[in-house]
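Undergrad: Can you keep this structure in mind? I'll have questions shortly.
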Amino acid sequence: MASVSSRPTIVWFRQDLRLQDNPALAAAVARSGAVVPVFILDDAAEGRWPLGGAARWWLHHSLAALDESLRERGSRLVLARGESGTVLRELIKTTGADAVYWSRRYEPAVIARDKDLKTGLGVEAKSFNAALLFEPHTVQTKAGGPFQVFTPFWKHCLSLKVEEPVRLSLRTLPAPETWPRSLVLPELALLPKIAWDAGFTKVWEPGEAGAQKRLKQFIASAMEDYGEQRNRPDVDGTSALSPYLHFGDLGPRQVWAAVKASAKGSGIFPPSRGAQVFLSEVGWREFAHHLLFHFPHTPEAPLRTEFGAFPWRTDSKQLRAWQKGQTGYPIVDAGMRQLWMTGWMHNRVRMIVASFLVKHLRISWQAGADWFWDTLVDADLASNTLGWQWTAGCGADAAPYFRIFNPMLQGAKFDPDGAYVRRWVPELAKLPAEFIHCPWEAPLHALAAAGVVLGRDYPQPIVDHGAARAAALDALKSLKQTS
Ligand code: FAD
């Protein structure tokens, strides 16, 4: 339980940028003194993983939304930049606060920093769970260790209780007598220096209100069919809640409760197969955090240590072609361009492009993870690490390396009419569906009718699928021989 005090409490916002279901904020209000909401930009504390460019864009807008909500309640968000401990100590001094509350994060460097602050601030320092349904230290196998396979992990989780979201009904938030000095948002310099974010603004509404809108819309329109549609990048079949969940504009308890509420009347939970599959995907996010917590070296090194000796290639030209969506494989290029234009990519396509990088090009998963880190608005150390190690075959419960996605077949299966490719690779928009995923197979007259000259309007494939596949399998074989 949190203490009671008439002195101010600092609520240190991090990846919990919301007022509802925020137990740190609720506990601060319950203490009965003033509340000082603070955000500190502290890149050094993130270790090897300071926020990437797209995530910084999201953060900027999410902080603006949080500040607006606070101001509607007579409060505001104090912004600072620097070493968190130094900033917090200064704020404790200037506000007279006798407690600092925050929501827990699970990245290894952040855990180490927070642990120091728990004992080093000289006032009550308390952390809460706002980010997960099942925190990693509360879940273990019968033998007492961490899970490494998703299905038993999730089965076990489903036997545990999911807490209700913490509701806070709040017209005003008690403000301190004088507000400490704050930076203004542009001083955090979170927005990109190049005009890269024009497409982001069209797609996203960062912040708590945007998250609630998106959640309601998904539950009403797409959740029921999620089981069938979630692999189709050409339809709006998934929730697109990942950046909201990452930054805590929305919490997973709120997602759980909203799905539950949608079942009202029937009493059946989950209310549909779609809802069940959707919640298990939220479970993958939990699993990712579980793995990162128990295997903190995995953002940089493979969980399966034998992959440390994999003969990755370095090829900056091909890496660049992949990043730019210029590989000559339409589904890969569509995904990489969607990422660049919107800061997000459909999960099925993330798997296809990641597989292409680590198998067709044999460029390391770490190089791919770095690019995603910089370009995803939902860049998340736990989920990104899991996604890349899963695809490269070197993580927990991963797809084996020898299973190599065929980009043409994946395209034909999950984007059958080519609508997704046509949207993101407009130079191919007029190609008939039978050639949209393999333009090099189109006869010259079909290319001419579509206005495409390969090598001029759209690249020839940068690698041959069959040869690349064989080379990837050879590389795997060489790894087996050395291990
Ligand atoms: P939905 O299908 O609506 O799922 C609901 C929520 O469940 C998502 O918002 C997300 O929080 C969670 N979720 C769904 N699938 C996964 C998954 N496979 N792993 C972990 N959580 C999942 N997700 C990130 O949030 N950040 C990342 O940095 C990230 N990097 C990835 C890298 C690779 C190579 C791959 C293959 C996947 C990565 N993912 C990442 C997982 C997944 O692609 C996204 O979470 C998903 O596409 C987000 O879209 P959505 O919100 O519509 O998901």
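Quick note on naming: the chains in the structure tokens go A, B, ... in the order shown, residues restart at 1 in each chain, and ligands are numbered from 1 in order of appearance.
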Excluding same-chain residues fewer than 3 positions from range 23-39 of chain A, what lies within 6 Å of it counting only C-alpha atoms, as a ChimeraX atom specification?
TA: /A:4-13,77-79,101-102,128,174-176
Undergrad: Using only C-alpha atoms and all ligand atoms, find each residue in chain A having at least one atom no more than 7 Å away from ligand 1; report its shortest atom-to-atom pair and that distance in Å (one decimal), rows by chain then rising number, as CSV.
TA:
residue,atom,partner,partner_atom_place_in_ligand_line,distance
A:Arg230,CA,ligand 1,2 (O),6.1
A:Thr238,CA,ligand 1,3 (O),4.0
A:Ser239,CA,ligand 1,3 (O),3.5
A:Ala240,CA,ligand 1,52 (O),3.2
A:Leu241,CA,ligand 1,51 (O),3.8
A:Ser242,CA,ligand 1,9 (O),3.2
A:Pro243,CA,ligand 1,25 (O),6.3
A:Leu245,CA,ligand 1,11 (O),5.8
A:His246,CA,ligand 1,25 (O),6.2
A:Phe278,CA,ligand 1,4 (O),6.0
A:Glu281,CA,ligand 1,14 (C),4.4
A:Val282,CA,ligand 1,7 (O),3.5
A:Gly283,CA,ligand 1,7 (O),6.8
A:Trp284,CA,ligand 1,20 (C),4.5
A:Arg285,CA,ligand 1,21 (N),3.5
A:Ala288,CA,ligand 1,20 (C),6.0
A:Met345,CA,ligand 1,47 (O),6.3
A:His346,CA,ligand 1,47 (O),4.8
A:Asn347,CA,ligand 1,47 (O),3.6
A:Arg350,CA,ligand 1,36 (C),4.6
A:Met351,CA,ligand 1,36 (C),4.2
A:Ala354,CA,ligand 1,34 (C),5.3
A:Phe372,CA,ligand 1,28 (O),6.7
A:Trp373,CA,ligand 1,28 (O),6.5
A:Leu376,CA,ligand 1,28 (O),6.5
A:Asp378,CA,ligand 1,26 (N),4.7
A:Ala379,CA,ligand 1,28 (O),3.5
A:Asp380,CA,ligand 1,28 (O),4.0
A:Leu381,CA,ligand 1,28 (O),6.2
A:Ser383,CA,ligand 1,20 (C),4.5
A:Asn384,CA,ligand 1,30 (N),3.4
A:Thr385,CA,ligand 1,32 (C),6.9
A:Leu386,CA,ligand 1,19 (N),6.7
A:Gly387,CA,ligand 1,35 (C),3.6
A:Trp388,CA,ligand 1,34 (C),4.2
A:Thr391,CA,ligand 1,36 (C),6.5
Undergrad: Residues of range 163-383 of chain A classed as alpha helix (DSSP H) by DSSP on the backbone are to be reported as a ChimeraX atom specification.
TA: /A:198-203,208-221,226-229,242-247,252-261,273-294,316-324,330-342,347-355,365-375,381-383
Undergrad: My list of candidates is A:His61, A:Lys155, A:Lys264, A:Arg253. Which is closest to Asp197 in chain A when distances are computed with only C-alpha atoms?
TA: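 Of A:His61, A:Lys155, A:Lys264, A:Arg253, the one nearest Asp197 in chain A, counting only C-alpha atoms, is A:His61.
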Undergrad: Neighbours of range 435-438 of chain A within 10 Å (only C-alpha atoms; same-chain residues fewer than 4 positions away dropped), as a list in words?
TA: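 Here the qualifying residues turn out to be Gly328, Tyr329, Pro330, Ile331, Val332, Pro407, Met408, Leu409, Gln410, Gly411, Ala412, Asp415, Pro416, Asp417, Gly418, Ala419, Val421, Arg422, Leu428, Ala429, Lys430, Leu431, Ala442, Pro443, Ala446, Leu447 and Pro461 of chain A.
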Undergrad: With C-alpha atoms kept, could you save the residues just selected as a CSV table (one decimal), in the first residue's frame?
TA:
chain,number,residue,atom,x,y,z
A,328,GLY,CA,12.7,-6.5,-56.6
A,329,TYR,CA,10.4,-8.8,-54.5
A,330,PRO,CA,7.1,-6.9,-54.3
A,331,ILE,CA,5.8,-8.1,-51.0
A,332,VAL,CA,9.1,-7.4,-49.3
A,407,PRO,CA,8.0,-14.4,-50.9
A,408,MET,CA,6.0,-15.2,-54.0
A,409,LEU,CA,3.9,-17.9,-52.3
A,410,GLN,CA,3.5,-15.7,-49.2
A,411,GLY,CA,2.3,-12.9,-51.4
A,412,ALA,CA,-0.1,-15.0,-53.3
A,415,ASP,CA,-2.3,-10.7,-50.6
A,416,PRO,CA,-4.1,-12.7,-53.3
A,417,ASP,CA,-5.2,-9.8,-55.4
A,418,GLY,CA,-2.1,-7.8,-54.8
A,419,ALA,CA,-4.0,-4.9,-53.2
A,421,VAL,CA,1.5,-4.4,-53.1
A,422,ARG,CA,-0.4,-2.0,-55.4
A,428,LEU,CA,3.4,-2.1,-60.2
A,429,ALA,CA,-0.3,-1.1,-59.6
A,430,LYS,CA,-1.4,-1.9,-63.1
A,431,LEU,CA,0.1,-5.4,-63.3
A,442,ALA,CA,5.4,-11.3,-66.7
A,443,PRO,CA,5.6,-11.4,-70.4
A,446,ALA,CA,1.9,-7.5,-69.8
A,447,LEU,CA,4.7,-5.4,-68.4
A,461,PRO,CA,15.2,-9.2,-58.0
Undergrad: Skipping near chain neighbours, those fewer than 6 positions away, what residues fall within 12 Å of range 215-219 of chain A using only C-alpha atoms, listed as a VMD selection string?
TA: chain A and resid 208 to 209 225 to 226 230 236 to 242 244 to 245 249 to 252 254 to 263 271 to 272 274 to 275 278 to 279
Undergrad: Would you put the residues from that selection into a file with C-alpha atoms, as a CSV table (one decimal), in the first residue's frame?
TA:
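Result went into out.csv, see below:
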chain,number,residue,atom,x,y,z
A,208,GLU,CA,-4.9,8.0,-24.6
A,209,ALA,CA,-8.0,9.2,-26.5
A,225,ASP,CA,-13.0,-12.2,-37.8
A,226,TYR,CA,-9.5,-11.6,-36.4
A,230,ARG,CA,-5.1,-11.3,-39.1
A,236,ASP,CA,-7.7,-3.9,-41.8
A,237,GLY,CA,-7.8,-7.1,-39.9
A,238,THR,CA,-5.6,-6.3,-36.9
A,239,SER,CA,-5.9,-3.8,-34.1
A,240,ALA,CA,-2.9,-1.6,-34.8
A,241,LEU,CA,-2.7,-1.1,-31.1
A,242,SER,CA,1.0,-1.9,-30.8
A,244,TYR,CA,-0.3,2.5,-27.9
A,245,LEU,CA,0.6,-0.6,-25.9
A,249,ASP,CA,-1.3,5.2,-24.1
A,250,LEU,CA,-3.2,2.0,-23.4
A,251,GLY,CA,-2.6,-0.8,-21.0
A,252,PRO,CA,-3.2,-4.5,-21.6
A,254,GLN,CA,-7.8,-2.2,-20.5
A,255,VAL,CA,-7.6,-4.3,-23.6
A,256,TRP,CA,-8.6,-7.4,-21.6
A,257,ALA,CA,-11.5,-5.6,-19.8
A,258,ALA,CA,-12.8,-4.1,-23.1
A,259,VAL,CA,-12.8,-7.6,-24.8
A,260,LYS,CA,-14.6,-8.9,-21.7
A,261,ALA,CA,-17.1,-6.1,-21.7
A,262,SER,CA,-17.9,-6.8,-25.4
A,263,ALA,CA,-19.1,-10.3,-24.3
A,271,PRO,CA,-16.7,-13.9,-26.8
A,272,SER,CA,-15.5,-15.4,-30.1
A,274,GLY,CA,-11.4,-14.1,-33.0
A,275,ALA,CA,-11.3,-12.6,-29.5
A,278,PHE,CA,-6.5,-11.7,-30.4
A,279,LEU,CA,-5.9,-12.1,-26.7
Undergrad: For each of A:Thr151, A:His445, A:Leu133, A:Leu183, take the minimum atom-to-atom distance to Glu163 in chain A, counting only C-alpha atoms, then give the residue where this is smallest.
TA: A:Leu133
